[in-house]
file input-v2.txt (compact mmCIF, C-alpha atoms)
# COMPACT_ATOMS: atom_id res chain seq x y z
CA MET P 927 0.00 0.00 0.00
CA SER P 928 1.39 3.40 -1.00
CA ILE P 929 1.89 6.28 1.42
CA VAL P 930 -0.88 8.25 -0.33
CA GLN P 931 -3.34 5.35 0.01
CA ARG P 932 -2.52 4.96 3.69
CA MET P 933 -3.01 8.70 4.24
CA LYS P 934 -6.41 8.57 2.52
CA GLU P 935 -7.52 5.93 5.01
CA GLN P 936 -6.75 8.24 7.92
CA PRO P 937 -10.00 9.90 9.12
CA MET P 938 -8.44 13.36 9.48
CA PHE P 939 -6.89 13.28 6.02
CA ARG P 940 -10.08 11.85 4.48
CA ASN P 941 -12.17 14.60 6.09
CA LEU P 942 -9.76 17.22 4.77
CA LEU P 943 -10.06 15.85 1.23
CA ILE P 944 -13.87 15.91 1.44
CA PHE P 945 -13.81 19.46 2.80
CA LEU P 946 -11.55 20.60 -0.05
CA SER P 947 -13.93 18.99 -2.55
CA VAL P 948 -16.96 20.94 -1.29
CA VAL P 949 -15.24 24.19 -0.32
CA GLY P 950 -16.19 27.24 -2.35
CA PRO P 951 -19.78 28.51 -2.07
CA GLY P 952 -19.51 29.64 1.58
CA ILE P 953 -16.10 31.27 1.24
CA ILE P 954 -16.95 32.98 -2.05
CA THR P 955 -20.33 34.31 -0.87
CA GLY P 956 -18.84 35.52 2.41
CA SER P 957 -15.94 37.21 0.64
CA VAL P 958 -18.21 38.99 -1.83
CA ASP P 959 -19.83 40.59 1.20
CA ASN P 960 -16.68 42.75 1.37
CA ASP P 961 -17.55 44.56 -1.85
CA ALA P 962 -16.93 48.22 -2.72
CA GLY P 963 -19.89 49.33 -0.59
CA GLY P 964 -18.77 47.24 2.39
CA ILE P 965 -15.18 48.44 2.18
CA THR P 966 -16.40 52.02 2.01
CA THR P 967 -18.53 51.49 5.13
CA TYR P 968 -15.62 49.94 7.07
CA SER P 969 -13.20 52.63 5.92
CA VAL P 970 -15.49 55.50 6.92
CA ALA P 971 -16.17 53.81 10.29
CA GLY P 972 -12.44 53.45 11.01
CA ALA P 973 -11.59 56.97 9.87
CA THR P 974 -14.45 58.52 11.87
CA TYR P 975 -14.45 56.47 15.08
CA GLY P 976 -11.09 54.70 15.15
CA TYR P 977 -11.41 51.32 16.86
CA LYS P 978 -14.67 52.11 18.68
CA LEU P 979 -16.91 50.19 16.30
CA LEU P 980 -14.93 46.94 16.11
CA TRP P 981 -17.45 45.35 18.50
CA THR P 982 -20.10 45.40 15.75
CA LEU P 983 -18.24 42.65 13.91
CA LEU P 984 -19.51 39.99 16.33
CA PRO P 985 -23.25 40.51 15.64
CA SER P 986 -22.36 40.88 11.95
CA PHE P 987 -20.67 37.48 12.05
CA ILE P 988 -23.67 35.84 13.75
CA ALA P 989 -26.13 37.33 11.23
CA LEU P 990 -24.08 36.26 8.22
CA LEU P 991 -23.41 32.75 9.55
CA THR P 992 -27.07 32.14 10.44
CA VAL P 993 -28.49 33.18 7.09
CA GLN P 994 -25.86 31.47 4.92
CA GLU P 995 -26.14 28.15 6.78
CA MET P 996 -29.89 28.11 6.11
CA ASN P 997 -29.31 28.84 2.42
CA ALA P 998 -26.78 26.03 2.12
CA ARG P 999 -29.08 23.56 3.90
CA MET P 1000 -32.08 24.46 1.73
CA GLY P 1001 -30.02 24.08 -1.45
CA ILE P 1002 -28.54 20.70 -0.47
CA VAL P 1003 -31.80 19.18 0.77
CA THR P 1004 -34.15 20.41 -1.97
CA GLY P 1005 -31.76 20.62 -4.92
CA LYS P 1006 -33.59 23.83 -5.82
CA GLY P 1007 -32.56 27.47 -5.81
CA LEU P 1008 -34.20 29.98 -3.50
CA ALA P 1009 -35.94 31.60 -6.48
CA ASP P 1010 -37.51 28.26 -7.43
CA LEU P 1011 -38.73 27.71 -3.87
CA ILE P 1012 -40.21 31.21 -3.58
CA ARG P 1013 -42.13 30.78 -6.85
CA GLU P 1014 -43.45 27.35 -5.84
CA ASN P 1015 -44.52 28.46 -2.36
CA PHE P 1016 -45.72 32.04 -2.88
CA GLY P 1017 -46.85 32.13 -6.51
CA VAL P 1018 -45.70 33.67 -9.78
CA LYS P 1019 -47.19 37.14 -9.17
CA ILE P 1020 -45.31 37.77 -5.90
CA THR P 1021 -42.16 36.29 -7.43
CA PHE P 1022 -42.43 38.61 -10.44
CA TYR P 1023 -42.59 41.79 -8.34
CA ILE P 1024 -39.78 40.65 -6.00
CA PHE P 1025 -37.42 39.90 -8.87
CA ILE P 1026 -38.18 42.98 -10.93
CA PHE P 1027 -37.10 45.13 -7.96
CA LEU P 1028 -34.12 42.85 -7.29
CA LEU P 1029 -33.01 43.22 -10.92
CA VAL P 1030 -33.10 47.02 -10.71
CA ALA P 1031 -31.23 46.98 -7.38
CA ASP P 1032 -28.56 44.63 -8.68
CA VAL P 1033 -27.90 46.73 -11.78
CA GLY P 1034 -27.23 49.64 -9.39
CA ASN P 1035 -25.09 47.41 -7.16
CA THR P 1036 -23.04 46.26 -10.17
CA ALA P 1037 -22.50 49.87 -11.23
CA THR P 1038 -21.22 50.60 -7.71
CA GLU P 1039 -18.72 47.73 -8.03
CA PHE P 1040 -17.37 49.10 -11.31
CA ALA P 1041 -17.09 52.48 -9.61
CA GLY P 1042 -14.85 50.70 -7.09
CA VAL P 1043 -12.72 49.38 -9.95
CA ALA P 1044 -12.40 52.91 -11.36
CA GLY P 1045 -11.55 54.47 -7.99
CA SER P 1046 -8.94 51.86 -7.03
CA MET P 1047 -7.14 52.14 -10.36
CA MET P 1048 -6.96 55.92 -9.98
CA VAL P 1049 -4.38 55.30 -7.22
CA PHE P 1050 -2.21 53.71 -9.93
CA ASN P 1051 -2.95 56.60 -12.34
CA ILE P 1052 -5.12 54.48 -14.65
CA ASP P 1053 -8.12 56.28 -16.17
CA LYS P 1054 -11.60 54.78 -15.69
CA ASN P 1055 -12.16 54.77 -19.46
CA ILE P 1056 -9.43 52.12 -19.61
CA SER P 1057 -9.83 50.23 -16.32
CA VAL P 1058 -13.63 49.78 -16.35
CA PRO P 1059 -14.03 48.37 -19.92
CA LEU P 1060 -11.04 46.05 -19.43
CA ALA P 1061 -12.43 44.80 -16.11
CA ALA P 1062 -15.85 44.23 -17.70
CA ILE P 1063 -14.34 42.24 -20.58
CA ALA P 1064 -12.30 40.11 -18.14
CA VAL P 1065 -15.39 39.38 -16.02
CA TRP P 1066 -17.47 38.50 -19.09
CA LEU P 1067 -14.83 36.15 -20.51
CA LEU P 1068 -14.36 34.42 -17.16
CA VAL P 1069 -18.05 33.56 -16.85
CA VAL P 1070 -19.14 33.06 -20.48
CA LYS P 1071 -16.05 31.26 -21.78
CA GLY P 1072 -15.10 29.46 -18.56
CA ASN P 1073 -16.82 26.77 -16.53
CA TYR P 1074 -17.82 26.41 -12.88
CA LYS P 1075 -14.60 24.71 -11.73
CA ILE P 1076 -12.32 27.32 -13.35
CA SER P 1077 -14.46 30.25 -12.21
CA GLU P 1078 -14.66 28.92 -8.66
CA LYS P 1079 -10.86 28.55 -8.42
CA ILE P 1080 -10.37 32.14 -9.60
CA PHE P 1081 -13.04 33.40 -7.19
CA LEU P 1082 -11.34 31.56 -4.31
CA LEU P 1083 -8.03 33.15 -5.33
CA PHE P 1084 -9.73 36.56 -5.23
CA SER P 1085 -10.92 35.72 -1.71
CA VAL P 1086 -7.32 35.12 -0.61
CA PHE P 1087 -6.18 38.41 -2.16
CA LEU P 1088 -8.64 40.27 0.08
CA LEU P 1089 -6.28 39.45 2.95
CA SER P 1090 -4.05 42.20 1.54
CA TYR P 1091 -5.89 44.45 4.00
CA VAL P 1092 -4.07 42.64 6.79
CA VAL P 1093 -0.82 43.97 5.30
CA SER P 1094 -2.15 47.54 5.12
CA ALA P 1095 -3.28 47.38 8.74
CA LEU P 1096 0.03 46.00 10.04
CA MET P 1097 1.98 48.65 8.13
CA ALA P 1098 -0.15 51.28 9.88
CA LYS P 1099 1.31 50.11 13.26
CA PRO P 1100 -1.97 50.03 15.23
CA ASP P 1101 -2.26 50.21 19.02
CA TRP P 1102 -3.23 46.63 19.90
CA GLY P 1103 -3.96 47.56 23.50
CA GLU P 1104 -6.58 50.07 22.37
CA ILE P 1105 -7.98 47.54 19.93
CA GLY P 1106 -8.41 44.96 22.71
CA LYS P 1107 -10.11 47.54 24.92
CA ALA P 1108 -12.49 48.53 22.11
CA MET P 1109 -13.43 44.90 21.51
CA LEU P 1110 -13.87 43.82 25.13
CA ALA P 1111 -15.29 47.02 26.65
CA PRO P 1112 -16.98 48.95 23.83
CA SER P 1113 -17.71 52.62 24.30
CA ILE P 1114 -21.21 53.11 22.93
CA GLN P 1115 -22.53 56.54 21.96
CA TRP P 1116 -26.17 57.47 21.41
CA ASP P 1117 -25.80 60.30 18.94
CA THR P 1118 -27.33 59.96 15.46
CA PRO P 1119 -24.08 59.71 13.40
CA TYR P 1120 -22.75 56.92 15.66
CA ILE P 1121 -25.98 54.91 15.55
CA THR P 1122 -26.28 55.40 11.79
CA THR P 1123 -22.74 54.08 11.30
CA VAL P 1124 -23.48 51.05 13.50
CA LEU P 1125 -26.58 50.33 11.45
CA GLY P 1126 -24.53 50.60 8.29
CA LEU P 1127 -21.84 48.21 9.57
CA VAL P 1128 -24.28 45.49 10.63
CA GLY P 1129 -26.73 46.13 7.81
CA THR P 1130 -24.09 45.82 5.08
CA THR P 1131 -23.50 42.22 6.13
CA VAL P 1132 -26.50 40.57 4.47
CA ALA P 1133 -27.79 41.56 1.03
CA PRO P 1134 -30.80 39.97 -0.74
CA TRP P 1135 -28.87 38.75 -3.78
CA MET P 1136 -26.31 36.88 -1.62
CA GLN P 1137 -28.96 34.39 -0.48
CA PHE P 1138 -29.81 33.41 -4.04
CA TYR P 1139 -26.18 33.07 -5.09
CA MET P 1140 -25.26 30.92 -2.07
CA GLN P 1141 -28.07 28.45 -2.71
CA SER P 1142 -27.52 28.31 -6.47
CA SER P 1143 -23.77 27.72 -6.12
CA VAL P 1144 -24.32 24.84 -3.66
CA ILE P 1145 -26.60 23.22 -6.23
CA GLU P 1146 -24.28 23.86 -9.18
CA LYS P 1147 -21.41 22.29 -7.25
CA GLY P 1148 -23.55 19.17 -6.72
CA ILE P 1149 -23.08 18.95 -2.94
CA LYS P 1150 -25.03 16.11 -1.28
CA ILE P 1151 -26.55 15.88 2.20
CA ALA P 1152 -23.78 13.46 3.29
CA ASP P 1153 -21.34 16.36 2.90
CA TYR P 1154 -23.51 18.88 4.74
CA LYS P 1155 -21.21 19.19 7.76
CA TYR P 1156 -18.29 20.09 5.47
CA THR P 1157 -20.42 22.72 3.77
CA VAL P 1158 -21.14 24.20 7.20
CA TRP P 1159 -17.40 24.53 7.74
CA ASP P 1160 -17.11 26.17 4.33
CA VAL P 1161 -19.73 28.71 5.47
CA VAL P 1162 -17.97 29.23 8.82
CA VAL P 1163 -14.58 29.81 7.15
CA GLY P 1164 -16.19 32.25 4.70
CA CYS P 1165 -17.87 34.22 7.49
CA ILE P 1166 -14.66 34.33 9.54
CA ALA P 1167 -12.70 35.57 6.51
CA THR P 1168 -15.32 38.27 5.93
CA VAL P 1169 -15.08 39.54 9.49
CA VAL P 1170 -11.26 39.36 9.52
CA VAL P 1171 -11.05 41.53 6.39
CA ALA P 1172 -13.54 44.01 7.86
CA PHE P 1173 -11.55 44.08 11.12
CA PHE P 1174 -8.29 44.98 9.41
CA ILE P 1175 -9.87 47.62 7.17
CA ILE P 1176 -11.26 49.38 10.25
CA VAL P 1177 -7.91 48.99 12.03
CA ALA P 1178 -5.93 50.36 9.05
CA CYS P 1179 -8.10 53.46 8.80
CA GLY P 1180 -8.38 53.89 12.57
CA ALA P 1181 -4.61 53.74 13.08
CA THR P 1182 -3.88 56.34 10.40
CA LEU P 1183 -6.79 58.48 9.25
CA HIS P 1184 -8.68 58.74 12.55
CA VAL P 1185 -5.67 59.74 14.67
CA ASN P 1186 -4.81 62.42 12.10
CA GLY P 1187 -8.38 63.74 11.76
CA VAL P 1188 -8.74 62.81 8.08
CA HIS P 1189 -12.35 62.77 6.81
CA ILE P 1190 -13.26 60.44 3.93
CA GLU P 1191 -16.41 59.62 1.98
CA GLU P 1192 -15.31 56.70 -0.21
CA ALA P 1193 -12.95 53.71 -0.02
CA LYS P 1194 -10.69 55.24 -2.68
CA ASP P 1195 -10.31 58.30 -0.43
CA ALA P 1196 -8.91 55.97 2.23
CA ALA P 1197 -6.42 54.50 -0.24
CA PHE P 1198 -5.20 57.98 -1.24
CA SER P 1199 -5.13 59.25 2.35
CA LEU P 1200 -3.08 56.34 3.72
CA LYS P 1201 -0.01 57.34 1.73
CA PRO P 1202 1.33 60.20 3.92
CA PHE P 1203 0.75 58.23 7.15
CA ALA P 1204 1.61 54.62 6.30
CA GLY P 1205 3.61 54.98 3.09
CA ALA P 1206 2.98 54.49 -0.63
CA LEU P 1207 3.05 50.69 -0.34
CA ALA P 1208 0.27 50.62 2.26
CA SER P 1209 -1.80 52.93 0.05
CA GLU P 1210 -1.26 50.75 -3.02
CA VAL P 1211 -2.00 47.53 -1.13
CA PHE P 1212 -5.26 49.07 0.14
CA ALA P 1213 -6.18 50.12 -3.41
CA PHE P 1214 -5.32 46.65 -4.70
CA GLY P 1215 -7.67 45.13 -2.12
CA LEU P 1216 -10.43 47.50 -3.26
CA PHE P 1217 -9.80 46.54 -6.90
CA VAL P 1218 -9.95 42.80 -6.15
CA ALA P 1219 -13.11 43.19 -4.06
CA SER P 1220 -14.79 45.34 -6.72
CA ILE P 1221 -13.99 43.16 -9.73
CA PHE P 1222 -14.83 40.05 -7.67
CA SER P 1223 -18.27 41.44 -6.81
CA ALA P 1224 -18.73 42.82 -10.34
CA ALA P 1225 -18.55 39.20 -11.51
CA ILE P 1226 -20.65 37.59 -8.77
CA LEU P 1227 -23.48 40.17 -8.63
CA PRO P 1228 -24.68 39.93 -12.26
CA LEU P 1229 -24.03 36.19 -12.14
CA ALA P 1230 -26.23 35.79 -9.06
CA THR P 1231 -28.92 37.97 -10.65
CA ALA P 1232 -28.95 35.94 -13.86
CA PHE P 1233 -29.13 32.75 -11.77
CA TYR P 1234 -32.16 33.69 -9.69
CA ILE P 1235 -34.11 35.46 -12.45
CA CYS P 1236 -33.77 32.42 -14.71
CA GLU P 1237 -34.58 30.04 -11.84
CA ALA P 1238 -37.68 32.04 -10.93
CA PHE P 1239 -39.12 31.91 -14.44
CA GLY P 1240 -38.02 28.43 -15.49
CA PHE P 1241 -35.12 29.24 -17.83
CA GLU P 1242 -31.93 27.17 -17.97
CA ALA P 1243 -29.08 28.65 -15.91
CA GLY P 1244 -25.51 27.74 -14.98
CA ILE P 1245 -21.88 28.49 -15.82
CA ASN P 1246 -21.40 24.89 -16.95
CA LYS P 1247 -23.98 25.30 -19.70
CA LYS P 1248 -23.16 26.58 -23.18
CA PHE P 1249 -24.64 29.83 -24.50
CA SER P 1250 -26.95 27.85 -26.80
CA GLU P 1251 -28.21 25.84 -23.80
CA ALA P 1252 -28.90 28.87 -21.58
CA PRO P 1253 -29.29 31.93 -23.84
CA GLN P 1254 -31.50 33.85 -21.38
CA PHE P 1255 -28.98 33.31 -18.56
CA TYR P 1256 -25.94 34.57 -20.49
CA SER P 1257 -27.87 37.38 -22.22
CA LEU P 1258 -29.11 38.74 -18.88
CA PHE P 1259 -25.62 38.47 -17.36
CA THR P 1260 -24.16 40.39 -20.33
CA LEU P 1261 -26.89 43.05 -20.29
CA ILE P 1262 -26.41 43.82 -16.58
CA ILE P 1263 -22.67 44.31 -17.08
CA LEU P 1264 -23.19 46.54 -20.14
CA ILE P 1265 -25.71 48.79 -18.37
CA ALA P 1266 -23.46 49.08 -15.29
CA VAL P 1267 -20.41 49.99 -17.39
CA VAL P 1268 -22.32 52.60 -19.39
CA ILE P 1269 -23.54 54.22 -16.15
CA ILE P 1270 -19.98 54.48 -14.80
CA LEU P 1271 -18.56 55.88 -18.04
CA ILE P 1272 -21.18 58.66 -18.28
CA PRO P 1273 -19.43 61.93 -17.32
CA ASN P 1274 -20.61 63.23 -13.93
CA ALA P 1275 -22.91 60.23 -13.39
CA PRO P 1276 -24.79 60.59 -10.05
CA LEU P 1277 -23.00 57.65 -8.40
CA ILE P 1278 -23.86 58.68 -4.84
CA ALA P 1279 -27.58 58.87 -5.69
CA ILE P 1280 -27.37 55.49 -7.45
CA THR P 1281 -25.68 53.95 -4.42
CA ILE P 1282 -28.23 55.41 -1.98
CA TRP P 1283 -31.29 54.29 -3.92
CA THR P 1284 -29.77 50.88 -4.59
CA GLN P 1285 -29.37 50.41 -0.84
CA VAL P 1286 -32.96 51.61 -0.33
CA LEU P 1287 -34.20 48.91 -2.72
CA ASN P 1288 -32.06 46.32 -0.92
CA ALA P 1289 -33.58 47.49 2.36
CA ILE P 1290 -37.11 47.03 1.01
CA LEU P 1291 -36.42 43.56 -0.39
CA LEU P 1292 -34.28 42.05 2.39
CA PRO P 1293 -37.15 41.55 4.89
CA VAL P 1294 -39.28 39.92 2.17
CA VAL P 1295 -36.52 37.47 1.24
CA LEU P 1296 -35.68 36.64 4.88
CA ILE P 1297 -39.31 35.97 5.81
CA CYS P 1298 -39.74 33.75 2.74
CA MET P 1299 -36.61 31.80 3.76
CA MET P 1300 -37.76 31.28 7.35
CA LEU P 1301 -41.22 30.09 6.25
CA ILE P 1302 -39.84 27.71 3.61
CA ILE P 1303 -37.11 26.15 5.76
CA ASN P 1304 -39.65 25.21 8.45
CA LYS P 1305 -41.94 23.28 6.08
CA THR P 1306 -41.56 19.54 6.72
CA GLU P 1307 -42.94 18.66 3.27
CA ILE P 1308 -40.01 20.58 1.74
CA MET P 1309 -37.13 20.03 4.18
CA GLY P 1310 -38.11 16.70 5.76
CA GLU P 1311 -36.02 16.10 8.88
CA TYR P 1312 -33.80 19.07 8.04
CA THR P 1313 -36.16 21.83 9.11
CA ASN P 1314 -34.80 24.33 11.63
CA LYS P 1315 -34.37 23.09 15.18
CA GLN P 1316 -35.84 25.29 17.91
CA TYR P 1317 -32.57 27.07 18.67
CA GLN P 1318 -32.04 27.66 14.94
CA ASN P 1319 -35.48 29.24 14.70
CA VAL P 1320 -34.71 31.49 17.66
CA ILE P 1321 -31.44 32.61 16.06
CA GLY P 1322 -32.98 32.79 12.59
CA TRP P 1323 -36.03 34.88 13.51
CA THR P 1324 -33.98 37.09 15.85
CA THR P 1325 -31.47 37.72 13.06
CA SER P 1326 -34.30 38.36 10.61
CA ILE P 1327 -36.06 40.80 12.95
CA ILE P 1328 -32.83 42.71 13.67
CA LEU P 1329 -31.98 42.92 9.97
CA ILE P 1330 -35.54 44.02 9.18
CA ILE P 1331 -35.22 46.83 11.76
CA LEU P 1332 -31.84 47.84 10.32
CA SER P 1333 -33.23 47.74 6.80
CA THR P 1334 -36.23 49.87 7.81
CA VAL P 1335 -33.92 52.47 9.35
CA LEU P 1336 -31.75 52.37 6.24
CA LEU P 1337 -34.86 52.77 4.08
CA VAL P 1338 -36.06 55.80 6.05
CA SER P 1339 -32.62 57.43 6.14
CA GLY P 1340 -32.12 56.71 2.43
CA ILE P 1341 -35.38 58.41 1.51
CA GLY P 1342 -34.40 61.30 3.76
CA VAL P 1343 -31.08 61.70 1.99
CA GLY P 1344 -32.68 61.30 -1.43

call {"tool": "encode", "arguments": {"input": "input-v2.txt", "output": "structure tokens"}}
result
Amino acid sequence: MSIVQRMKEQPMFRNLLIFLSVVGPGIITGSVDNDAGGITTYSVAGATYGYKLLWTLLPSFIALLTVQEMNARMGIVTGKGLADLIRENFGVKITFYIFIFLLVADVGNTATEFAGVAGSMMVFNIDKNISVPLAAIAVWLLVVKGNYKISEKIFLLFSVFLLSYVVSALMAKPDWGEIGKAMLAPSIQWDTPYITTVLGLVGTTVAPWMQFYMQSSVIEKGIKIADYKYTVWDVVVGCIATVVVAFFIIVACGATLHVNGVHIEEAKDAAFSLKPFAGALASEVFAFGLFVASIFSAAILPLATAFYICEAFGFEAGINKKFSEAPQFYSLFTLIILIAVVIILIPNAPLIAITIWTQVLNAILLPVVLICMMLIINKTEIMGEYTNKQYQNVIGWTTSIILIILSTVLLVSGIGVG
């Protein structure tokens, strides 16, 4: 018997091989959570409040973990996407209105991601008229000309690159004593700007489209119920990675911009502002992280949208299918990217207004999607023995209620700003 064969018979090694075979959906979905909008939120929080808001990462982690585990379980047990399940359980009419609004919101979200590409490349003196079209072409080729296995490997590589923010934070030489104090004994303020920022940090964790992508990717990967526990670990690792990246973005901006009283409004402002305090390399590494996050999300967002729209209305969907096999899927994916790119390339496009109203739409739709999920996952005729246990329902409904409250506040504040 060879050494490799003997190793495969070892339980630990065998479990590792199984984990590596199912890994992907949880890590990718969690990593996409750190998109251009998320990085902007973390950067502004660090620049404005230093380390004071690091405590919000714990509830953010719990919310993300709870929702993504339910998505993975529903996908594995039913073999159906969330869009399919919503249509079957709540009817075509409700599904139509949900997905029309989701489509509009995701076009705006995709435009925001390409804005992140443009802003990050400005640090390297590359004009948006060059960076945005090239990024769009690269994303299109990856999805349309690739397959699921190739795309997933590249997406996982992108996830690793997001750890570049750890480098930026360490180069900023943060005060670890102050960080520990902020985490263990948070100083909470009750003024409106502080509360609004807290809402933004927790509320940016879960977006409606993420739930559809997570469930669809589990199905496309062909994960079976026997491998469920490994998928849970995939979700856990993805959520941990998400929170770690958020932690170091806040730390990087808190250690440099906050202590020097620098005000920022966008993630690219943070990249530019880091240079005089942490050096050109730290600034460039931060910008590189923003670029990776933006182009990563610019691929996943329209992909997720094409997935759930096609699922909802019975069209073929999937990266492993040829264009001739899933024309609606690839056409919708292409159209979303084209519209987003055109928006970004329009001179003086109202990007802030687009971002605000996109978040307002997300805020309207998130409660609807979460309630649908909780009702579906507790139906025995759908989930069999894999419905939520009592403690999972407590966590799930509590998370849903908190996110609904946050979304409502975001909705009201968004309308106020608009």

call {"tool": "closest_residue", "arguments": {"input": "input-v2.txt", "among": "P:Val1086, P:Ala1044, P:Met996, P:Ile1269", "to": "P:Lys1315", "atoms": "all atoms listed in the file"}}
result
P:Met996

call {"tool": "closest_residue", "arguments": {"input": "input-v2.txt", "among": "P:Ile1290, P:Ile1149, P:Ile1076, P:Ala1064", "to": "P:Ile1331", "atoms": "all atoms listed in the file"}}
result
P:Ile1290

call {"tool": "atom_distance", "arguments": {"input": "input-v2.txt", "atom1": "atom CA of P:Leu1258", "atom2": "atom CA of P:Ala1225"}}
result
12.9 Å

call {"tool": "closest_residue", "arguments": {"input": "input-v2.txt", "among": "P:Val1170, P:Phe1241, P:Gly1148, P:Lys1054", "to": "P:Pro1273", "atoms": "all atoms listed in the file"}}
result
P:Lys1054

call {"tool": "residues_around", "arguments": {"input": "input-v2.txt", "residues": "stretch 1088-1098 of chain P", "least_positions_apart": "5", "cutoff": "10 Å", "atoms": "all atoms listed in the file", "output": "short mmCIF file (atom, residue, chain, number, x, y, z; two decimals) with C-alpha atoms, keeping the file's coordinate frame"}}
result
data_model
loop_
_atom_site.label_atom_id
_atom_site.label_comp_id
_atom_site.auth_asym_id
_atom_site.auth_seq_id
_atom_site.Cartn_x
_atom_site.Cartn_y
_atom_site.Cartn_z
CA SER P 957 -15.94 37.21 0.64
CA VAL P 958 -18.21 38.99 -1.83
CA ASN P 960 -16.68 42.75 1.37
CA LEU P 1083 -8.03 33.15 -5.33
CA ALA P 1167 -12.70 35.57 6.51
CA THR P 1168 -15.32 38.27 5.93
CA VAL P 1170 -11.26 39.36 9.52
CA VAL P 1171 -11.05 41.53 6.39
CA ALA P 1172 -13.54 44.01 7.86
CA PHE P 1173 -11.55 44.08 11.12
CA PHE P 1174 -8.29 44.98 9.41
CA ILE P 1175 -9.87 47.62 7.17
CA ILE P 1176 -11.26 49.38 10.25
CA VAL P 1177 -7.91 48.99 12.03
CA ALA P 1178 -5.93 50.36 9.05
CA CYS P 1179 -8.10 53.46 8.80
CA GLY P 1180 -8.38 53.89 12.57
CA ALA P 1181 -4.61 53.74 13.08
CA THR P 1182 -3.88 56.34 10.40
CA LEU P 1183 -6.79 58.48 9.25
CA ALA P 1197 -6.42 54.50 -0.24
CA LEU P 1200 -3.08 56.34 3.72
CA PHE P 1203 0.75 58.23 7.15
CA ALA P 1204 1.61 54.62 6.30
CA GLY P 1205 3.61 54.98 3.09
CA LEU P 1207 3.05 50.69 -0.34
CA ALA P 1208 0.27 50.62 2.26
CA SER P 1209 -1.80 52.93 0.05
CA GLU P 1210 -1.26 50.75 -3.02
CA VAL P 1211 -2.00 47.53 -1.13
CA PHE P 1212 -5.26 49.07 0.14
CA ALA P 1213 -6.18 50.12 -3.41
CA PHE P 1214 -5.32 46.65 -4.70
CA GLY P 1215 -7.67 45.13 -2.12
CA LEU P 1216 -10.43 47.50 -3.26
CA PHE P 1217 -9.80 46.54 -6.90
CA VAL P 1218 -9.95 42.80 -6.15
CA ALA P 1219 -13.11 43.19 -4.06
CA PHE P 1222 -14.83 40.05 -7.67
#

call {"tool": "closest_residue", "arguments": {"input": "input-v2.txt", "among": "P:Val993, P:Tyr1139, P:Asp961, P:Tyr1256", "to": "P:Phe1040", "atoms": "only C-alpha atoms"}}
result
P:Asp961

call {"tool": "atom_distance", "arguments": {"input": "input-v2.txt", "atom1": "atom CA of P:Ser1085", "atom2": "atom CA of P:Pro1253"}}
result
29.0 Å

call {"tool": "atom_distance", "arguments": {"input": "input-v2.txt", "atom1": "atom CA of P:Ala1152", "atom2": "atom CA of P:Thr1313"}}
result
16.0 Å

call {"tool": "closest_atom_pairs", "arguments": {"input": "input-v2.txt", "of": "stretch 983-1023 of chain P", "to": "stretch 1155-1158 of chain P", "cutoff": "9 Å", "atoms": "all atoms listed in the file", "output": "CSV"}}
result
residue,atom,partner,partner_atom,distance
P:Gln994,CA,P:Val1158,CA,9.0
P:Glu995,CA,P:Val1158,CA,6.4
P:Ala998,CA,P:Thr1157,CA,7.4
P:Arg999,CA,P:Val1158,CA,8.6

call {"tool": "residues_around", "arguments": {"input": "input-v2.txt", "residues": "stretch 1111-1121 of chain P", "least_positions_apart": "5", "cutoff": "12 Å", "atoms": "all atoms listed in the file", "output": "ChimeraX atom specification"}}
result
/P:970-972,974-984,1103-1106,1126-1129,1332,1335-1336,1339

call {"tool": "residues_around", "arguments": {"input": "input-v2.txt", "residues": "stretch 962-965 of chain P", "least_positions_apart": "3", "cutoff": "6 Å", "atoms": "all atoms listed in the file", "output": "list of chain:residue names"}}
result
P:Tyr968, P:Ser969, P:Glu1039, P:Gly1042, P:Ser1220

call {"tool": "closest_residue", "arguments": {"input": "input-v2.txt", "among": "P:Glu1311, P:Glu1146, P:Glu1251, P:Glu1192", "to": "P:Thr967", "atoms": "only C-alpha atoms"}}
result
P:Glu1192

call {"tool": "closest_residue", "arguments": {"input": "input-v2.txt", "among": "P:Ala1037, P:Ala989, P:Met1000, P:Ala1061", "to": "P:Tyr1154", "atoms": "all atoms listed in the file"}}
result
P:Met1000

call {"tool": "residues_around", "arguments": {"input": "input-v2.txt", "residues": "P:Gly1017", "least_positions_apart": "6", "cutoff": "12 Å", "atoms": "only C-alpha atoms", "output": "number ranges by chain"}}
result
P: 1009-1011, 1023-1024, 1238-1239, 1298

call {"tool": "build_atoms", "arguments": {"input": "input-v2.txt", "residues": "stretch 1116-1120 of chain P", "atoms": "N, CA and C atoms", "output": "PDB file, in the coordinates of the input"}}
result
ATOM      1  N   TRP P1116     -24.760  57.480  21.799  1.00  0.00           N
ATOM      2  CA  TRP P1116     -26.170  57.470  21.410  1.00  0.00           C
ATOM      3  C   TRP P1116     -26.521  58.615  20.466  1.00  0.00           C
ATOM      4  N   ASP P1117     -25.509  59.242  19.893  1.00  0.00           N
ATOM      5  CA  ASP P1117     -25.800  60.300  18.940  1.00  0.00           C
ATOM      6  C   ASP P1117     -26.142  59.689  17.573  1.00  0.00           C
ATOM      7  N   THR P1118     -26.830  60.452  16.742  1.00  0.00           N
ATOM      8  CA  THR P1118     -27.330  59.960  15.460  1.00  0.00           C
ATOM      9  C   THR P1118     -26.236  59.463  14.510  1.00  0.00           C
ATOM     10  N   PRO P1119     -25.124  60.205  14.314  1.00  0.00           N
ATOM     11  CA  PRO P1119     -24.080  59.710  13.400  1.00  0.00           C
ATOM     12  C   PRO P1119     -23.512  58.357  13.826  1.00  0.00           C
ATOM     13  N   TYR P1120     -23.305  58.179  15.154  1.00  0.00           N
ATOM     14  CA  TYR P1120     -22.750  56.920  15.660  1.00  0.00           C
ATOM     15  C   TYR P1120     -23.711  55.772  15.386  1.00  0.00           C
TER      16      TYR P1120
END
